[in-house]
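Here's the structure we're looking at; comments come further down.
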Amino acid sequence: MSNFFTTRLFFVSLALVVIAATLPLYVSGYVLGLLTVAFYFGVFAMAWDLLFGFAGEVNFGPTFLIGVGAYTAGILNAQFGWSVYPCIVLGALASVIAGLVLALPALRVRGPYFGLTTLVAVLMLQNFIVVFADLTGGEIGLTIPDVISINAGTNYWIALGFMTISAAILYGLSQSPIGLVLQASGQDPVQAGALGFNIVKHKLAAFIVSAFFSGLSGALLVFYFGTASVGTVVDVAVGVNVIVSAVLGGRRTVLGAALGAIFLIVAGEFLRPTGELATFIVSAVALLVVLFFPGGFLGAALSREARS
Amino acid sequence: MRVFQILIDGFAISALYALGATGFTLIFGVSGVLNLSHGAIMVAAAVAAWAAASVLNVGTYAGALIGVGVALLTAFATYFAVVKPIQDSRRIPNEEKEIFVLTGTLLWGIMIQELIAYFFTNNAKTVLPIVEGVVEILGVRTPKNEIFTAIVCCLVIALLWLLVNRTRTGKAVLAASMNPRGVTLLGLELTNIYIVVWAIYGILAGIAGVLLGMFLGVSSYSVGPLTASAFSIVVLGGLGSVSGSLIAAFVVGYLETLTAYLVSPAYRTIPALLLLVFVMYIRPQGLLGRR
């Protein structure tokens with residue numbers, strides 16, 4: 001861990017963050033808005049990678065955690081008139097509780113069975129939102145009266161700072177002894193347990209951390225958008241984007257997941273002139289990466305560096 | 001009267017679910033692949049049948065045949081372009097192949113869905129039914145198409161049973177699902193068995209898709225829900241167990257129909273999801289699962 005600060009990865013990341021921080025000085029508000037969303041998405045993808053890449057849990061429902069955080073914050077603000085920051089904190093806490101709910105089946109069932117449980121969790125949340133439309137705004141969505149800031153630059157810096165801090169914490173965690181135990185328990189739970197590690201405790205911790213960052217990012221995103229709707233924070237398609245981002249950027253790298261998310265959102269925007277084919281092209285590129293560079297962007301770059 | 005209505009409607013829906021889920025579970029049982037492009041293949045079949053019958057005017061029978069043919073081709077494309085490269089890849093560690101197949105087929109399904117939306121729009125399409133008109137059964141006005149759907153589904157499932165249990169090829173498939181290595185040792189080429197299974201799967205998904213298109217209509221938005229329902233039926237019944245899937249299909253089909261008639265169509269899917277969660281807690285391997 002201590003020699004991380006001398007690796008090339010650290011200097012490249014630092015340079016990227018510094019360059020990104022100066023962007024508001026010379027690019028338009030439109031680009032900033034796009035990147036703001038991309039940064040929040042990057043946190044979703046990194047939190048997902050912690051569960052999948054390290055704990056080995058295939059979570060098909062990242063939007064369950066994101067959605068609970070986003071809607072809790074949104075409802076407290078819109079229906080009960082709480083101010084922005086308590087709402088964000090409570091959104092993240094609600095998401096941690098949701099993470100614990102999701103962790104319960106993970107301790108019992110594995111692989112595809114757990115994947116399905118998480119998918120069902122998303123569908124249940126979606127049904128819940130539609131059924132309790134009075135509280136949640138139903139299928140139309142919930143309009144949030146407050147925003148963090150109306151300045152595109154400020155919003156951008158908040159998102160960038162949030163993503164950088166999250167990345168540092170999540171990456172640090174993944175490289176720490178805890179991350180190693182998680183990786184071991186994901187690959188062979190029986191052996192990891194036999195070596196004396198408490199797998200249940202570590203897995204629960206992974207779920208809590210992943211849920212905390214997902215929920216926090218979801219709540220921040222809601223106050224950026226000014227609206228919470230099924231289509232933006234809960235829908236299975238959003239979850240698919242999160243998963244694709246992480247696999248595209250390189251699973252088990254944490255930082256790669258953020259790169260994948262930024263690529264996915266920016267590419268989607270660049271392809272907008274192609275109209276309905278945009279999603280097709282992005283999916284096709286992602287499929288090619290999965291087939292030919294299974295390590296993802298960062299995985300491919302890191303293995304080349306390791307070889308040289 | 002309502003009792004009979006629920007019984008009849010529920011049967012047709014359940015039979016359709018059963019047909020859709022059977023192929024899905026067969027592939028998992030034999031090659032361990034969970035094909036998340038399942039819904040896309042069904043919709044592709046239905047849209048092809050619709051386009052052939054309503055745009056090219058080839059007639060309903062030829063249209064249905066074209067639909068099944070398109071599903072067969074798409075299933076082969078899924079196997080050769082996505083699943084096989086991942087299974088053969090040396091760069092993907094064995095224990096991660098499952099998640100790569102899931103991600104790959106998911107992306108592939110999205111690609112099919114987007115292509116359908118691009119060329120045929122997102123509008124719902126109803127395939128012209130092969131039989132038209134209504135009959136009265138036990139005082140319930142039932143479209144003949146609904147009876148046709150139920151009969152075809154049961155026939156195809158019966159044929160599948162015969163194929164798997166009574167023919168040489170079928171027995172090889174069955175053996176592969178029990179012990180792939182043993183089958184190779186007996187001198188059977190595993191890849192050939194996989195191709196047979198994907199062919200059976202393509203035909204089953206195609207028939208299910210075309211029938212669904214006649215019965216309820218499809219649009220490119222149905223892709224996700226169709227995959228999810230097949231996935232949950234298969235897990236409820238026990239992954240890889242065909243008879244478990246059949247039972248689960250009827251449980252889910254009747255539960256949905258009951259909710260739709262007695263409570264509200266808006267809550268249609270909720271009880272089935274709750275049941276699924278409940279079953280996974282007390283019996284994670286599903287109703288008839290082996291592991």
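If you're wondering about the labels, chains in the structure tokens are A, B, ... by order shown, residues count from 1 in each chain, ligands from 1 in order shown.
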**Q.** Contacts of B:Gln285 within 9 Å, only C-alpha atoms, excl. fewer than 5 positions in-chain, as a list in words
**A.** Val109 and Tyr113 of chain A; Val235, Leu236, Gly237, Gly238, Leu239, Val279, Met280, Arg290 and Arg291 of chain B
Only C-alpha atoms, please: the residues just picked out, written as an mmCIF file, in the first residue's frame.
data_model
loop_
_atom_site.group_PDB
_atom_site.id
_atom_site.type_symbol
_atom_site.label_atom_id
_atom_site.label_comp_id
_atom_site.auth_asym_id
_atom_site.auth_seq_id
_atom_site.Cartn_x
_atom_site.Cartn_y
_atom_site.Cartn_z
ATOM 1 C CA VAL A 109 -27.319 -18.618 -1.633
ATOM 2 C CA TYR A 113 -29.383 -17.684 -7.226
ATOM 3 C CA VAL B 235 -35.003 -20.626 -10.456
ATOM 4 C CA LEU B 236 -38.309 -21.284 -8.687
ATOM 5 C CA GLY B 237 -38.457 -24.746 -10.250
ATOM 6 C CA GLY B 238 -34.787 -25.468 -9.688
ATOM 7 C CA LEU B 239 -32.088 -24.577 -12.217
ATOM 8 C CA VAL B 279 -38.820 -20.148 -1.747
ATOM 9 C CA MET B 280 -35.219 -18.964 -2.102
ATOM 10 C CA ARG B 290 -30.497 -30.869 -7.491
ATOM 11 C CA ARG B 291 -27.896 -28.790 -5.740
#
Quick check: residues of chain A within 8 Å of chain B, only C-alpha atoms, returned as number ranges by chain. A: 58, 105, 108-109, 113, 116-117, 120, 124, 127, 131, 244, 276-277, 279-281, 283-284, 286-287, 290-291, 294
Near-stretch 261-270 of chain A list (8 Å; only C-alpha atoms; drop same-chain fewer than 6 positions) as a VMD selection string
chain A and resid 34 to 35 38 to 39 41 to 42 45 241 to 242 245 to 246 249 278 to 279 282
Selection near stretch 166-175 of chain A, 9 Å with only C-alpha atoms, sequence-local residues under 4 positions removed, as number ranges by chain:
A: 1, 42-43, 46-47, 50, 54, 161-162, 179-180, 182-183, 209-210, 213, 252-255, 258
According to DSSP computed on the backbone, where in stretch 35-97 of chain A is there alpha helix (DSSP H)? Give the residues as a PyMOL selection string. chain A and resi 35-49+62-80+84-97
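Each of A:Pro177, A:Pro145, A:Gly69, A:Pro62 was checked against A:Thr227 using only C-alpha atoms; the smallest atom-to-atom distance is that of A:Pro145.
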From the list B:Val234, B:Ile41, B:Leu7, B:Leu72, which residue is nearest B:Ile137 when using only C-alpha atoms?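 Using only C-alpha atoms, B:Ile137 sits closest to B:Leu7.
The neighbours of B:Ala249 here are the residues that come within 9 Å of it, using only C-alpha atoms and leaving out any residue fewer than 3 positions away in the same chain; they are Ile13, Ser14, Ala15, Leu16, Tyr17, Ala18, Leu19, Ala21, Ala230, Ile233, Val234, Leu236, Gly237, Gly244, Ser245, Leu246, Val252, Gly253 and Tyr254 of chain B.
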